[in-house]
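Asks: I am sharing run-v2.pdb, which consists of PDB, C-alpha atoms:
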ATOM      1  CA  MET O   1      30.247 -33.708  22.929
ATOM      2  CA  LEU O   2      31.902 -31.291  20.483
ATOM      3  CA  SER O   3      33.197 -27.863  21.401
ATOM      4  CA  ILE O   4      31.843 -24.953  19.409
ATOM      5  CA  GLY O   5      35.184 -24.796  17.543
ATOM      6  CA  ASP O   6      35.060 -28.449  16.577
ATOM      7  CA  PHE O   7      31.400 -28.138  15.585
ATOM      8  CA  ALA O   8      32.279 -25.123  13.426
ATOM      9  CA  ARG O   9      34.955 -27.141  11.635
ATOM     10  CA  ALA O  10      32.575 -30.076  11.175
ATOM     11  CA  THR O  11      29.762 -27.944   9.725
ATOM     12  CA  HIS O  12      31.722 -25.155   7.940
ATOM     13  CA  MET O  13      29.838 -22.579  10.019
ATOM     14  CA  THR O  14      31.737 -19.829  11.800
ATOM     15  CA  VAL O  15      31.696 -19.609  15.571
ATOM     16  CA  LYS O  16      30.033 -16.209  15.225
ATOM     17  CA  THR O  17      27.260 -17.749  13.129
ATOM     18  CA  LEU O  18      26.706 -20.580  15.608
ATOM     19  CA  ARG O  19      26.469 -18.101  18.468
ATOM     20  CA  HIS O  20      23.920 -16.081  16.501
ATOM     21  CA  TYR O  21      21.849 -19.176  15.716
ATOM     22  CA  HIS O  22      21.884 -20.018  19.421
ATOM     23  CA  ARG O  23      20.665 -16.521  20.355
ATOM     24  CA  ILE O  24      17.694 -16.688  17.964
ATOM     25  CA  GLY O  25      16.861 -20.301  18.843
ATOM     26  CA  LEU O  26      17.564 -21.707  15.390
ATOM     27  CA  LEU O  27      20.343 -24.117  16.403
ATOM     28  CA  GLU O  28      20.775 -24.404  20.129
ATOM     29  CA  PRO O  29      23.772 -26.284  21.564
ATOM     30  CA  ALA O  30      23.158 -29.560  23.345
ATOM     31  CA  GLY O  31      24.639 -28.048  26.466
ATOM     32  CA  VAL O  32      26.253 -24.922  27.900
ATOM     33  CA  ASP O  33      28.858 -25.078  30.668
ATOM     34  CA  THR O  34      27.392 -23.036  33.500
ATOM     35  CA  SER O  35      30.783 -21.977  34.803
ATOM     36  CA  THR O  36      32.510 -21.047  31.544
ATOM     37  CA  GLY O  37      29.568 -20.441  29.171
ATOM     38  CA  TYR O  38      31.192 -22.706  26.571
ATOM     39  CA  ARG O  39      28.731 -24.224  24.141
ATOM     40  CA  GLN O  40      28.826 -27.926  23.353
ATOM     41  CA  TYR O  41      27.194 -29.842  20.514
ATOM     42  CA  THR O  42      26.546 -33.467  19.645
ATOM     43  CA  ALA O  43      27.378 -35.307  16.435
ATOM     44  CA  GLU O  44      23.642 -35.818  15.901
ATOM     45  CA  GLN O  45      23.293 -32.045  15.399
ATOM     46  CA  ILE O  46      25.649 -31.993  12.411
ATOM     47  CA  PRO O  47      22.957 -33.032   9.866
ATOM     48  CA  ILE O  48      20.668 -30.286  11.192
ATOM     49  CA  ALA O  49      23.428 -27.719  10.706
ATOM     50  CA  GLN O  50      24.031 -29.024   7.183
ATOM     51  CA  VAL O  51      20.330 -28.630   6.364
ATOM     52  CA  ILE O  52      20.426 -25.052   7.644
ATOM     53  CA  ARG O  53      23.471 -24.306   5.450
ATOM     54  CA  ARG O  54      21.667 -25.654   2.370
ATOM     55  CA  PHE O  55      18.638 -23.492   3.059
ATOM     56  CA  ARG O  56      20.876 -20.444   3.518
ATOM     57  CA  ASP O  57      22.539 -21.272   0.196
ATOM     58  CA  LEU O  58      19.022 -21.024  -1.274
ATOM     59  CA  ASP O  59      18.567 -17.580   0.342
ATOM     60  CA  MET O  60      15.859 -18.781   2.711
ATOM     61  CA  PRO O  61      15.391 -16.247   5.536
ATOM     62  CA  LEU O  62      16.310 -17.449   9.021
ATOM     63  CA  GLU O  63      12.699 -17.188  10.156
ATOM     64  CA  GLY O  64      11.722 -19.372   7.204
ATOM     65  CA  ILE O  65      14.287 -22.007   8.178
ATOM     66  CA  GLN O  66      13.003 -21.865  11.731
ATOM     67  CA  ALA O  67       9.463 -22.436  10.478
ATOM     68  CA  VAL O  68      10.610 -25.482   8.475
ATOM     69  CA  LEU O  69      12.557 -27.035  11.337
ATOM     70  CA  SER O  70       9.676 -26.458  13.774
ATOM     71  CA  ALA O  71       7.010 -27.875  11.429
ATOM     72  CA  PRO O  72       4.678 -30.203  13.354
ATOM     73  CA  ASP O  73       4.655 -32.848  10.620
ATOM     74  CA  LEU O  74       6.266 -33.889   7.343
ATOM     75  CA  SER O  75       3.453 -32.508   5.177
ATOM     76  CA  THR O  76       3.670 -29.034   6.730
ATOM     77  CA  ARG O  77       7.455 -29.036   6.448
ATOM     78  CA  ASN O  78       7.323 -29.950   2.745
ATOM     79  CA  GLU O  79       4.693 -27.270   2.056
ATOM     80  CA  ARG O  80       6.949 -24.614   3.594
ATOM     81  CA  ILE O  81       9.962 -25.812   1.613
ATOM     82  CA  THR O  82       7.943 -25.921  -1.623
ATOM     83  CA  ALA O  83       6.654 -22.381  -1.058
ATOM     84  CA  HIS O  84      10.224 -21.103  -0.811
ATOM     85  CA  LEU O  85      11.295 -23.013  -3.924
ATOM     86  CA  VAL O  86       8.414 -21.464  -5.873
ATOM     87  CA  ARG O  87       9.557 -17.998  -4.750
ATOM     88  CA  LEU O  88      13.083 -18.842  -5.922
ATOM     89  CA  GLU O  89      11.799 -19.972  -9.316
ATOM     90  CA  ASP O  90       9.785 -16.757  -9.689
ATOM     91  CA  GLU O  91      12.853 -14.714  -8.784
ATOM     92  CA  LEU O  92      14.950 -16.690 -11.268
ATOM     93  CA  THR O  93      12.390 -16.013 -14.007
ATOM     94  CA  ARG O  94      12.476 -12.278 -13.236
ATOM     95  CA  THR O  95      16.282 -12.312 -13.247
ATOM     96  CA  GLN O  96      16.460 -14.147 -16.576
ATOM     97  CA  ARG O  97      13.964 -11.714 -18.092
ATOM     98  CA  ALA O  98      15.963  -8.727 -16.823
ATOM     99  CA  VAL O  99      19.230 -10.194 -18.154
ATOM    100  CA  THR O 100      17.714 -10.766 -21.598
ATOM    101  CA  SER O 101      16.316  -7.246 -21.673
ATOM    102  CA  LEU O 102      19.633  -5.733 -20.604
ATOM    103  CA  ARG O 103      21.543  -7.668 -23.268
ATOM    104  CA  ASN O 104      19.137  -6.392 -25.903
ATOM    105  CA  LEU O 105      19.609  -2.833 -24.682
ATOM    106  CA  LEU O 106      23.406  -3.174 -24.710
ATOM    107  CA  ALA O 107      23.401  -4.731 -28.176
ATOM    108  CA  PRO O 108      20.802  -2.767 -30.183
ATOM    109  CA  GLY O 109      21.526  -4.734 -33.316
ATOM    110  CA  THR O 110      20.113  -7.890 -31.742
ATOM    111  CA  SER O 111      16.971  -6.307 -30.274
ATOM    112  CA  GLU O 112      13.576  -6.505 -31.851
ATOM    113  CA  LYS O 113      12.513  -3.771 -34.254
ATOM    114  CA  THR O 114      10.627  -0.900 -32.620
ATOM    115  CA  PRO O 115       6.900  -1.153 -33.452
ATOM    116  CA  ALA O 116       5.415   1.458 -35.773
ATOM    117  CA  ILE O 117       3.963   4.606 -34.215
ATOM    118  CA  ASP O 118       0.527   5.738 -35.324
ATOM    119  CA  LEU O 119      -1.118   9.152 -35.043
ATOM    120  CA  ARG O 120      -4.811   8.893 -34.246
ATOM    121  CA  ALA O 121      -7.734  11.103 -33.257
ATOM    122  CA  VAL O 122      -9.935   9.354 -30.682
ATOM    123  CA  PRO O 123     -13.527  10.577 -30.182
ATOM    124  CA  ALA O 124     -15.204  11.105 -26.806
ATOM    125  CA  THR O 125     -16.578   7.792 -25.516
ATOM    126  CA  PRO O 126     -19.148   6.948 -22.817
ATOM    127  CA  ALA O 127     -17.744   4.344 -20.446
ATOM    128  CA  ALA O 128     -17.966   2.580 -17.128
ATOM    129  CA  VAL O 129     -15.091   3.881 -15.001
ATOM    130  CA  ILE O 130     -13.296   3.449 -11.700
ATOM    131  CA  THR O 131     -11.110   6.358 -10.552
ATOM    132  CA  GLU O 132      -8.789   6.268  -7.536
ATOM    133  CA  VAL O 133      -5.422   7.547  -6.310
ATOM    134  CA  VAL O 134      -2.984   4.631  -6.571
ATOM    135  CA  ASP O 135       0.646   3.899  -5.605
ATOM    136  CA  ALA O 136       2.725   2.915  -8.623
ATOM    137  CA  GLU O 137       4.047  -0.256  -6.952
ATOM    138  CA  HIS O 138       0.465  -1.528  -6.539
ATOM    139  CA  SER O 139      -0.886  -0.200  -9.828
ATOM    140  CA  VAL O 140      -0.769  -3.471 -11.823
ATOM    141  CA  ALA O 141      -2.701  -5.449  -9.187
ATOM    142  CA  TRP O 142      -5.129  -2.550  -8.680
ATOM    143  CA  LEU O 143      -5.684  -2.288 -12.441
ATOM    144  CA  GLN O 144      -6.545  -5.975 -12.775
ATOM    145  CA  GLY O 145      -8.976  -5.731  -9.866
ATOM    146  CA  ALA O 146     -10.632  -2.656 -11.353
ATOM    147  CA  LEU O 147     -10.989  -4.325 -14.761
ATOM    148  CA  GLY O 148     -12.594  -7.343 -13.118
ATOM    149  CA  GLU O 149     -15.077  -5.152 -11.237
ATOM    150  CA  LEU O 150     -15.954  -3.163 -14.373
ATOM    151  CA  SER O 151     -16.475  -6.332 -16.428
ATOM    152  CA  ALA O 152     -18.666  -7.903 -13.745
ATOM    153  CA  THR O 153     -20.804  -4.746 -13.470
ATOM    154  CA  LEU O 154     -21.371  -4.534 -17.216
ATOM    155  CA  LEU O 155     -22.239  -8.227 -17.337
ATOM    156  CA  ALA O 156     -24.696  -7.903 -14.452
ATOM    157  CA  GLN O 157     -26.429  -4.940 -16.100
ATOM    158  CA  GLN O 158     -26.341  -6.589 -19.548
ATOM    159  CA  LEU O 159     -24.419  -3.703 -21.104
ATOM    160  CA  PRO O 160     -22.086  -4.713 -23.967
ATOM    161  CA  ALA O 161     -18.558  -3.333 -24.131
ATOM    162  CA  ALA O 162     -18.147  -0.890 -27.017
ATOM    163  CA  GLY O 163     -14.382  -1.160 -27.335
ATOM    164  CA  PRO O 164     -11.211  -2.284 -25.563
ATOM    165  CA  ALA O 165     -10.669  -1.418 -21.917
ATOM    166  CA  GLY O 166      -8.224   1.341 -21.128
ATOM    167  CA  GLY O 167      -6.618   3.508 -18.494
ATOM    168  CA  ILE O 168      -5.818   7.189 -18.035
ATOM    169  CA  PHE O 169      -2.813   7.969 -15.832
ATOM    170  CA  SER O 170      -1.977  11.287 -14.203
ATOM    171  CA  ASP O 171       1.563  12.653 -14.504
ATOM    172  CA  SER O 172       2.135  12.298 -10.748
ATOM    173  CA  LEU O 173       1.863   8.511 -11.044
ATOM    174  CA  PHE O 174       5.084   8.632 -13.092
ATOM    175  CA  THR O 175       6.837  11.571 -11.414
ATOM    176  CA  GLU O 176       5.872  10.854  -7.782
ATOM    177  CA  HIS O 177       4.903   7.151  -8.105
ATOM    178  CA  ARG O 178       1.478   8.024  -6.715
ATOM    179  CA  GLY O 179      -1.386   9.571  -8.639
ATOM    180  CA  GLN O 180      -4.904   9.368  -9.993
ATOM    181  CA  VAL O 181      -5.765   6.485 -12.298
ATOM    182  CA  THR O 182      -8.994   6.002 -14.239
ATOM    183  CA  ILE O 183      -9.684   2.526 -15.592
ATOM    184  CA  PHE O 184     -12.560   2.300 -18.063
ATOM    185  CA  ILE O 185     -14.491   0.063 -20.404
ATOM    186  CA  PRO O 186     -16.429   1.835 -23.193
ATOM    187  CA  CYS O 187     -20.082   0.819 -23.173
ATOM    188  CA  THR O 188     -23.476   1.697 -24.581
ATOM    189  CA  GLY O 189     -26.734   2.056 -22.683
ATOM    190  CA  LYS O 190     -27.535   3.567 -19.301
ATOM    191  CA  LEU O 191     -25.139   2.422 -16.581
ATOM    192  CA  ARG O 192     -26.363   2.325 -12.975
ATOM    193  CA  PRO O 193     -23.517   3.263 -10.569
ATOM    194  CA  LEU O 194     -22.558   0.316  -8.375
ATOM    195  CA  GLY O 195     -19.753   0.157  -5.822
ATOM    196  CA  ARG O 196     -16.718   1.909  -7.275
ATOM    197  CA  VAL O 197     -18.158   1.833 -10.792
ATOM    198  CA  THR O 198     -19.661   5.012 -12.230
ATOM    199  CA  ALA O 199     -20.568   6.314 -15.684
ATOM    200  CA  ALA O 200     -18.364   8.944 -17.336
ATOM    201  CA  GLU O 201     -17.308  10.203 -20.728
ATOM    202  CA  ILE O 202     -13.718   9.509 -21.730
ATOM    203  CA  PRO O 203     -12.643  12.755 -23.410
ATOM    204  CA  ALA O 204     -11.637  12.978 -27.037
ATOM    205  CA  ALA O 205      -7.891  13.094 -27.641
ATOM    206  CA  GLU O 206      -5.301  13.221 -30.374
ATOM    207  CA  LEU O 207      -2.658  10.628 -29.663
ATOM    208  CA  ALA O 208       0.639   9.178 -30.806
ATOM    209  CA  ILE O 209       0.276   5.433 -30.282
ATOM    210  CA  ILE O 210       2.738   2.567 -30.036
ATOM    211  CA  GLU O 211       1.757  -1.064 -29.439
ATOM    212  CA  HIS O 212       3.589  -2.946 -26.713
ATOM    213  CA  ALA O 213       3.694  -6.742 -27.023
ATOM    214  CA  GLY O 214       4.168  -8.776 -23.861
ATOM    215  CA  ALA O 215       3.988  -8.345 -20.097
ATOM    216  CA  PRO O 216       4.114  -4.940 -18.342
ATOM    217  CA  THR O 217       7.695  -5.574 -17.156
ATOM    218  CA  GLU O 218       9.059  -4.460 -20.544
ATOM    219  CA  VAL O 219       6.619  -1.622 -21.174
ATOM    220  CA  ASP O 220       9.206   1.067 -20.334
ATOM    221  CA  ARG O 221      10.914   0.402 -23.672
ATOM    222  CA  ALA O 222       7.703   1.201 -25.542
ATOM    223  CA  TYR O 223       7.271   4.348 -23.465
ATOM    224  CA  GLY O 224      10.840   5.374 -24.252
ATOM    225  CA  ALA O 225      10.442   4.861 -27.996
ATOM    226  CA  LEU O 226       7.170   6.795 -27.987
ATOM    227  CA  ALA O 227       8.635   9.699 -25.991
ATOM    228  CA  ASP O 228      11.593   9.871 -28.387
ATOM    229  CA  PHE O 229       9.259  10.008 -31.401
ATOM    230  CA  VAL O 230       7.033  12.710 -29.901
ATOM    231  CA  THR O 231      10.035  14.804 -28.836
ATOM    232  CA  ARG O 232      11.784  14.596 -32.203
ATOM    233  CA  HIS O 233       8.653  15.647 -34.058
ATOM    234  CA  ALA O 234       7.655  18.390 -31.573
ATOM    235  CA  LEU O 235       4.136  17.000 -31.194
ATOM    236  CA  ALA O 236       3.749  16.800 -27.416
ATOM    237  CA  VAL O 237       1.038  18.665 -25.512
ATOM    238  CA  ASP O 238      -0.002  18.598 -21.863
ATOM    239  CA  GLY O 239      -2.353  15.776 -21.009
ATOM    240  CA  PRO O 240      -2.441  12.396 -19.293
ATOM    241  CA  ILE O 241      -0.942   9.237 -20.726
ATOM    242  CA  ARG O 242      -3.525   6.754 -21.916
ATOM    243  CA  GLU O 243      -3.372   2.968 -22.442
ATOM    244  CA  TYR O 244      -5.696   0.563 -24.249
ATOM    245  CA  TYR O 245      -5.625  -3.156 -23.372
ATOM    246  CA  LEU O 246      -6.251  -5.012 -26.619
ATOM    247  CA  ILE O 247      -5.265  -8.433 -25.237
ATOM    248  CA  GLY O 248      -4.493  -8.936 -21.560
ATOM    249  CA  GLN O 249      -4.672 -11.172 -18.538
ATOM    250  CA  ARG O 250      -8.429 -11.602 -18.801
ATOM    251  CA  ASP O 251      -7.988 -12.948 -22.344
ATOM    252  CA  THR O 252      -4.971 -15.244 -21.933
ATOM    253  CA  LEU O 253      -2.353 -16.179 -19.344
ATOM    254  CA  ASP O 254       0.295 -16.301 -22.077
ATOM    255  CA  THR O 255       2.012 -12.931 -21.554
ATOM    256  CA  ALA O 256       3.709 -13.182 -24.958
ATOM    257  CA  ARG O 257       0.280 -12.656 -26.535
ATOM    258  CA  TRP O 258      -0.630  -9.554 -24.524
ATOM    259  CA  ARG O 259      -1.028  -6.357 -26.539
ATOM    260  CA  THR O 260      -1.230  -2.855 -25.046
ATOM    261  CA  GLU O 261      -1.471   0.445 -26.894
ATOM    262  CA  ILE O 262       0.510   3.248 -25.210
ATOM    263  CA  CYS O 263      -0.915   6.663 -26.102
ATOM    264  CA  TRP O 264       0.833  10.040 -25.765
ATOM    265  CA  PRO O 265      -1.238  13.239 -26.225
ATOM    266  CA  VAL O 266      -0.100  15.264 -29.224
ATOM    267  CA  PHE O 267      -1.061  18.396 -31.148
ATOM    268  CA  ARG O 268      -3.677  18.323 -33.934
ATOM    269  CA  VAL O 269      -3.321  14.869 -35.412
ATOM    270  CA  GLY O 270      -6.508  14.702 -37.432
ATOM    271  CA  ALA O 271      -7.836  11.579 -39.125
ATOM    272  CA  THR O 272      -5.708  12.060 -42.263
ATOM    273  CA  HIS O 273      -2.539  13.447 -40.671
ATOM    274  CA  PRO O 274       0.447  11.497 -42.045
ATOM    275  CA  VAL O 275       2.962   9.896 -39.733
ATOM    276  CA  PRO O 276       6.292  11.776 -40.165
TER
END
Starting from the coordinates I provided, produce the structure as structure tokens.
Replies:
Amino acid sequence: MLSIGDFARATHMTVKTLRHYHRIGLLEPAGVDTSTGYRQYTAEQIPIAQVIRRFRDLDMPLEGIQAVLSAPDLSTRNERITAHLVRLEDELTRTQRAVTSLRNLLAPGTSEKTPAIDLRAVPATPAAVITEVVDAEHSVAWLQGALGELSATLLAQQLPAAGPAGGIFSDSLFTEHRGQVTIFIPCTGKLRPLGRVTAAEIPAAELAIIEHAGAPTEVDRAYGALADFVTRHALAVDGPIREYYLIGQRDTLDTARWRTEICWPVFRVGATHPVP
């Protein structure tokens, strides 16, 4: 039997950590002296402690490690380990993307050229719409679900889309991270309301438009460039931000090919108004 001090030296775990693992049932000592309360471990427990240390090095939560160690069979154990590794890979991808974006921001000379900004008058358009109040943190998943429901409804009623899908976003979604969102697909013909889907007219608007290429994670840079343009040219008017999804998740899983138009309401564009 090893004392808790000797076991700590053998496993490179602190005594405090071993006591904590005992309390939560993650790594219980082989025995506890009833008179002194001293914990004792066996040499056979060293590999278990080493496994726990490796999982902690991989940022696995203690409850996750407990679930792995208590797995009823090898297959279940491997599934739980694989699930954590997938989460780590996803986190690594997000970190690498953030690092690349930050380097581009800190070294403007190496960043991609800002896309051109267009001024466009958009006519009123009949559309199938879904409108709800949404939390910003759930907005991407909600948007994809709404687009799927709109597409399925149009398909079921044999109504062709008359243009790219889009969204209209209230100011509070940006300022309070909760606000009204309308997702729409322009269509022709008489739409029968079904579920969340109703018919509405998307109002006409005069817009400054920038095209964002790629996944939504980098869309703030397009928003920033568009806001700078509108501010410098004193074109801004009150009105909701609008987006059009030219190529998205329903078209391809390759996020590099996604294309989204970001639209800022402006004053009297007109069809022939030149871009300053």
Asks: Closest to Gly37 in chain O among O:Ala124, O:Ile4, O:Ala67, O:Ala236, using only C-alpha atoms?
Replies: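 Of O:Ala124, O:Ile4, O:Ala67, O:Ala236, the one nearest Gly37 in chain O is O:Ile4, counting only C-alpha atoms.
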Asks: Tell me which protein, DNA and RNA residues are within 7 Å of range 166-181 of chain O, counting all atoms listed in the file, leaving out same-chain ones fewer than 2 positions away, and put them as a count of residues only.
Replies: 16
Asks: To test your reading of the syntax: which residues would the PyMOL selection byres ((chain O and resi 79-86) around 10) return for the file shown? Reply as an MDAnalysis selection string.
Replies: chainID O and resid 55 58:61 64:65 67:69 71 74:78 87:92
Asks: For the PyMOL selection byres ((chain O and resi 187) around 7), applied here, can you spell out every residue it catches as a count of residues only?
Replies: 11
Asks: Which distance in Å separates CA of Ala227 in chain O and CA of Arg97 in chain O, to one decimal?
Replies: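 Taking CA of Ala227 in chain O and CA of Arg97 in chain O, their separation equals 23.4 Å.
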Asks: Just the number, please: distance in Å from CA of Gly148 in chain O to CA of Glu206 in chain O, one decimal.
Replies: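 Between these atoms lies a distance of 27.8 Å.
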Asks: Expanded to explicit residues, what is the PyMOL selection byres ((chain O and resi 202) around 6) for this file, as a list of chain:residue names?
Replies: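 That expression, the PyMOL selection byres ((chain O and resi 202) around 6), corresponds here to O:Ala124, O:Thr125, O:Glu201, O:Pro203.
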Asks: Selection from above, C-alpha atoms, as a short mmCIF file (atom, residue, chain, number, x, y, z; two decimals), in the coordinates of the input, can you write it?
Replies:
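So part.cif came out as:
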data_model
loop_
_atom_site.label_atom_id
_atom_site.label_comp_id
_atom_site.auth_asym_id
_atom_site.auth_seq_id
_atom_site.Cartn_x
_atom_site.Cartn_y
_atom_site.Cartn_z
CA ALA O 124 -15.20 11.10 -26.81
CA THR O 125 -16.58 7.79 -25.52
CA GLU O 201 -17.31 10.20 -20.73
CA PRO O 203 -12.64 12.76 -23.41
#
Asks: For range 60-147 of chain O against range 207-211 of chain O, with a cut-off of 8 Å and counting all atoms listed in the file, what is the closest atom pair and its distance in Å to one decimal for every residue that makes the cut, ordered by chain and number, as a Markdown table?
Replies:
| residue | atom | partner | partner_atom | distance |
| --- | --- | --- | --- | --- |
| O:Pro115 | CA | O:Glu211 | CA | 6.5 |
| O:Ala116 | CA | O:Ile210 | CA | 6.4 |
| O:Ile117 | CA | O:Ile210 | CA | 4.8 |
| O:Asp118 | CA | O:Ile209 | CA | 5.1 |
| O:Leu119 | CA | O:Ala208 | CA | 4.6 |
| O:Arg120 | CA | O:Leu207 | CA | 5.4 |
| O:Ala121 | CA | O:Leu207 | CA | 6.2 |
| O:Val122 | CA | O:Leu207 | CA | 7.5 |
Asks: Rounded to one decimal in Å, what is the spacing between CA of Leu18 in chain O and CA of Ala49 in chain O?
Replies: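 Taking CA of Leu18 in chain O and CA of Ala49 in chain O, their separation equals 9.3 Å.
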Asks: Quick one: everything within 7 Å of Met1 in chain O, counting all atoms listed in the file, minus sequence neighbours fewer than 6 positions away in the same chain. Send it as a list in words.
Replies: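 So, after excluding close chain neighbours, the residues are Gln40, Tyr41 and Thr42 of chain O.
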Asks: For each of O:Arg257, O:His12, O:Arg221, O:Arg196, take the minimum atom-to-atom distance to Val129 in chain O, counting all atoms listed in the file, then give the residue where this is smallest.
Replies: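 Among the listed residues, the smallest separation from Val129 in chain O belongs to O:Arg196.
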Asks: List the spatial neighbours of Asp254 in chain O as a ChimeraX atom specification - criterion: any atom at most 10 Å away, only C-alpha atoms, same-chain residues fewer than 5 positions off excluded.
Replies: /O:214-215,248-249
Asks: Calculated over only C-alpha atoms, which of the candidates O:Pro123, O:Tyr21, O:Thr153, O:His138 has the smallest distance to Ala204 in chain O?
Replies: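 Of the candidates, the smallest distance to Ala204 in chain O is held by O:Pro123.
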Asks: Kindly indicate which residue among O:Ala165, O:Leu191, O:Val266, O:Ala256 lies nearest to Ala205 in chain O, using all atoms listed in the file for the distances.
Replies: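 Going through O:Ala165, O:Leu191, O:Val266, O:Ala256 one by one, the smallest distance to Ala205 in chain O is for O:Val266.
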Asks: Measuring atom to atom with only C-alpha atoms, identify which of O:Asp73, O:Glu149, O:Asp228, O:Asp238 is nearest to Pro193 in chain O.
Replies: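 The shortest atom-to-atom distance to Pro193 in chain O comes from O:Glu149.
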